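Novice: Dumping the structure here so I can ask a few things about it.
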Amino acid sequence: MKAFPSSATFAAMRNRMAFRRMTRLRALGLFALLAAVAAFGVRTAADYARQRATIAVAATAERTLDAQVQTILGQLEKYRHLPALSARRQDVKRIATDPLANSALAETIADDIVSLSGAIDVGFFTPEGETVATAWAFLAQQTVANNELLAAPMQGRLGRASISGADGRRAYAFSSPIRDGARIGAILVVAAPLESIEQTWALSANPIFAVNRAGQFVAGNLLARSREAEIRSALRDSAPGQPILAESGDGRGFLPFRRHIALMDWSLYVLEPADSIAAPARNAATVAALSVALVLIGLLALISRLQDIRRRRRFERAAALRLERRVRDRTRELRTAQAELVQSAKLAAIGQMSAALSHEYSQPLAAIRTYAANALRFLEKSQLLSVRDNLGRIEALVERMASLSKTLKSFARKPRSDIRDIALAAVVGDAVLLASHRADEAGVAIRVADIPGDLAVRAGQVRLGQVLLNLMSNAIDANLETGAKEIEIDWSAGEDQVSIRIADRGNGIAPEIRERLFDPFFTTKEVGSGLGLGLSIAYNIVQDFGGKLVAADREGGGAEFTVCLARGRQTVNPAVATAAE
């Protein structure tokens with residue numbers, strides 16, 4: 001006959017059940033507390049990352065605004081004094097005696113000022129705002145009367161205003177009075193171009209634009225121009241500090257940053273992506289959530305283990321049961337350790353690295369400075385044709401600098417449309433000219449073999465010039481390491497191929513770096529002296545031309561780089577080739 005459990009057994013069972021319920025309640029309370037702490041930690045991490053990202057984005061925008069304000073003021077500074085200085089000329093003062101009667105003289109002077117200054121237009125107006133003469137039709141379309149361009153000169157001040165032509169072209173105009181004795185007899189207006197300002201913004205990945213007091217666009221890069229109406233509406237309707245231009249379903253858009261230019265009464269804006277703030281906050285929240293999850297798992301595992309220990313100590317059984325439980329517990333611990341090892345192997349992190357690429361413009365700027373200095377000397381000697389020639393060269397260099405930004409795209413695509421027959425002598429001459437300033441400072445002479453004027457190669461003039469300039473700069477750097485005083489440039493030509501060799505007297509090319517010489521970001525220079533992109537870019541450019549770039553040690557010490565290109569079949573005009581690029 002089966003015996004019924006005793007009252008003591010029932011009491012022990014009730015105690016065990018009550019203990020288990022209490023343990024579950026404690027575990028749930030602890031889990032809720034840990035979940036609240038985890039949520040607070042994730043929120044705090046996200047807020048901190050958002051705050052740091054906001055500060056960083058604002059600092060970047062302020063630096064951009066500082067640089068672009070200086071760009072605007074620098075571009076327009078040379079035109080600001082032009083009306084007042086021109087108004088002091090005797091032939092200009094003659095116009096003030098009877099502006100309408102001297103309209104032919106005014107037109108001639110206006111043409112001369114436009115040719116020498118690079119202004120969009122120059123015009124003469126009567127004190128009542130009637131047009132006397134203009135160099136082009138741009139100012140003839142403007143209503144000068146009853147605005148700042150007329151009111152300020154009539155008060156003896158320099159007038160200034162943003163204007164635009166019928167074709168939508170925008171300019172910034174300066175005006176000055178022309179006196180006939182004490183009387184103001186005419187007004188001189190100079191319209192300065194804004195295209196050069198917009199070209200400096202072309203490389204920006206973010207919209208940059210300037211608006212006048214009336215809220216009209218006066219300048220902007222392509223990103224801003226393409227969305228002008230949308231930007232103006234967003235700035236008018238959005239709340240301060242809120243993103244604008246958010247795409248449908250995106251909700252991120254751009255954050256506007258503004259700087260007022262008091263001298264011109266403009267507001268300069270730069271738009272930074274709002275995601276540059278939201279993304280760090282999301283990443284920080286994700287990392288914090290994963291970290292908290294790992295901590296919670298560890299705490300839960302620890303609590304579970306403590307509970308097992310307490311149960312073993314509280315409810316010990318017979319020796320056989322204790323042994324069986326001990327084996328079972330050790331097996332569980334082994335599995336837990338194995339799971340922890342597997343989990344640890346899954347937590348490896350992969351870092352991401354980004355690098356900012358930039359391109360230096362120091363050599364073209366040095367040439368521009370040289371041409372500008374020569375132009376000033378020719379101007380002092382009244383050699384206007386030479387002045388015009390120097391200004392034309394400066395303009396060509398500026399255009400060339402704009403096109404240099406296309407170089408880095410050679411890593412992603414292979415443009416073939418710009419390959420044509422170009423005069424080798426002109427390209428080598430331009431590269432030597434750009435490198436000569438730095439060579440002179442380093443005390444290094446550049447020896448160039450005579451190149452026939454009718455020798456042509458198949459390439460793009462601007463990019464080939466950049467390749468040669470880079471190789472010359474590297475040769476100068478190599479000579480500085482050994483104290484050598486010259487680099488040599490010579491050539492050889494066959495029926496189908498032309499080779500250009502640039503040789504230095506540096507330390508040569510070490511065997512261990514020869515295979516990596518043309519790899520991106522590889523450099524033997526000290527930290528801060530270069531990114532290691534020059535030879536890689538040059539190698540890709542020459543390959544785009546269908547040629548090859550070869551490096552070798554030079555007999556007697558040093559290194560030599562040889563550019564091999566297909567020979568052109570006709571003589572070309574260097575100026576035409578440059579314009580075509």
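Ordering of the structure tokens sets the chain letters (A, B, ...); residue numbers start at 1 within each chain; ligands are numbered from 1 in the order shown.
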Could you give me, as a PyMOL selection string, the residues within 12 Å of Asp167 in chain A, counting only C-alpha atoms and dropping anything in the same chain fewer than 6 positions from it?
Specialist: chain A and resi 137-138+141
Novice: Against range 111-126 of chain A, which residues of range 63-99 of chain A fall within 9 Å? For each one I want the closest pair of atoms and the distance in Å (one decimal), counting only C-alpha atoms, rows by chain and increasing residue number, as a tab-separated table.
Specialist:
residue	atom	partner	partner_atom	distance
A:Lys78	CA	A:Ser117	CA	8.6
A:Tyr79	CA	A:Ala119	CA	7.8
A:Leu82	CA	A:Ser117	CA	8.5
A:Ser86	CA	A:Ile113	CA	8.4
A:Ile95	CA	A:Phe124	CA	8.8
A:Ala96	CA	A:Thr126	CA	8.5
A:Pro99	CA	A:Thr126	CA	6.5
Novice: Find, counting only C-alpha atoms, the residue in A:Arg311, A:Asn283, A:Trp136, A:Phe217 that gets nearest to Arg50 in chain A.
Specialist: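 Answer, going by the shortest atom-to-atom distance: A:Asn283.
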Novice: Could you pull out the helix (DSSP H, G or I) residues of range 206-247 of chain A, going by DSSP on the backbone, and write them as a PDB file with N, CA and C atoms, in the first residue's frame?
Specialist:
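Wrote it out as result-v5.pdb, contents follow:
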ATOM      1  N   LEU A 222      26.763  75.025 -58.691  1.00  0.00           N
ATOM      2  CA  LEU A 222      25.766  74.327 -59.503  1.00  0.00           C
ATOM      3  C   LEU A 222      24.710  73.649 -58.641  1.00  0.00           C
ATOM      4  N   LEU A 223      25.132  73.107 -57.483  1.00  0.00           N
ATOM      5  CA  LEU A 223      24.163  72.445 -56.614  1.00  0.00           C
ATOM      6  C   LEU A 223      23.108  73.423 -56.118  1.00  0.00           C
ATOM      7  N   ALA A 224      23.521  74.643 -55.797  1.00  0.00           N
ATOM      8  CA  ALA A 224      22.558  75.645 -55.330  1.00  0.00           C
ATOM      9  C   ALA A 224      21.728  76.190 -56.482  1.00  0.00           C
ATOM     10  N   ARG A 225      22.372  76.424 -57.634  1.00  0.00           N
ATOM     11  CA  ARG A 225      21.644  76.977 -58.780  1.00  0.00           C
ATOM     12  C   ARG A 225      20.532  76.042 -59.242  1.00  0.00           C
ATOM     13  N   GLU A 228      17.486  76.547 -56.899  1.00  0.00           N
ATOM     14  CA  GLU A 228      17.376  77.915 -56.385  1.00  0.00           C
ATOM     15  C   GLU A 228      15.989  78.216 -55.819  1.00  0.00           C
ATOM     16  N   ALA A 229      14.954  77.951 -56.594  1.00  0.00           N
ATOM     17  CA  ALA A 229      13.598  78.271 -56.141  1.00  0.00           C
ATOM     18  C   ALA A 229      13.241  77.482 -54.885  1.00  0.00           C
ATOM     19  N   GLU A 230      13.636  76.207 -54.857  1.00  0.00           N
ATOM     20  CA  GLU A 230      13.319  75.364 -53.703  1.00  0.00           C
ATOM     21  C   GLU A 230      14.056  75.846 -52.459  1.00  0.00           C
ATOM     22  N   ILE A 231      15.323  76.268 -52.619  1.00  0.00           N
ATOM     23  CA  ILE A 231      16.103  76.758 -51.487  1.00  0.00           C
ATOM     24  C   ILE A 231      15.509  78.050 -50.936  1.00  0.00           C
ATOM     25  N   ARG A 232      15.151  78.975 -51.836  1.00  0.00           N
ATOM     26  CA  ARG A 232      14.582  80.242 -51.370  1.00  0.00           C
ATOM     27  C   ARG A 232      13.283  80.009 -50.608  1.00  0.00           C
ATOM     28  N   SER A 233      12.439  79.122 -51.104  1.00  0.00           N
ATOM     29  CA  SER A 233      11.187  78.819 -50.416  1.00  0.00           C
ATOM     30  C   SER A 233      11.445  78.156 -49.066  1.00  0.00           C
ATOM     31  N   ALA A 234      12.425  77.246 -49.013  1.00  0.00           N
ATOM     32  CA  ALA A 234      12.720  76.541 -47.762  1.00  0.00           C
ATOM     33  C   ALA A 234      13.277  77.492 -46.711  1.00  0.00           C
ATOM     34  N   LEU A 235      14.157  78.411 -47.105  1.00  0.00           N
ATOM     35  CA  LEU A 235      14.716  79.365 -46.157  1.00  0.00           C
ATOM     36  C   LEU A 235      13.632  80.306 -45.617  1.00  0.00           C
ATOM     37  N   ARG A 236      12.653  80.601 -46.436  1.00  0.00           N
ATOM     38  CA  ARG A 236      11.583  81.506 -46.012  1.00  0.00           C
ATOM     39  C   ARG A 236      10.608  80.804 -45.066  1.00  0.00           C
ATOM     40  N   ASP A 237      10.347  79.524 -45.264  1.00  0.00           N
ATOM     41  CA  ASP A 237       9.287  78.842 -44.521  1.00  0.00           C
ATOM     42  C   ASP A 237       9.790  77.999 -43.359  1.00  0.00           C
TER      43      ASP A 237
END
Novice: Could you pull out the strand (DSSP E or B) residues of range 372-528 of chain A from DSSP and send them as a PyMOL selection string?
Specialist: chain A and resi 420-423+445-448+456-459+486-493+497-503
Novice: Write out as a list in words each polymer residue whose atoms come within 8 Å of range 64-76 of chain A, counting only C-alpha atoms; drop sequence neighbours fewer than 4 positions from it.
Specialist: Thr60, Arg80, Ala192, Ser196, Ile197, Arg258, Arg259, Ile261, Leu268, Tyr269 and Val270 of chain A
Novice: Skipping near chain neighbours, those fewer than 5 positions away, what residues fall within 9 Å of Leu549 in chain A using only C-alpha atoms, listed as a list in words?
Specialist: Ala538, Tyr539, Asn540, Val542, Gln543, Phe561, Thr562, Val563 and Cys564 of chain A
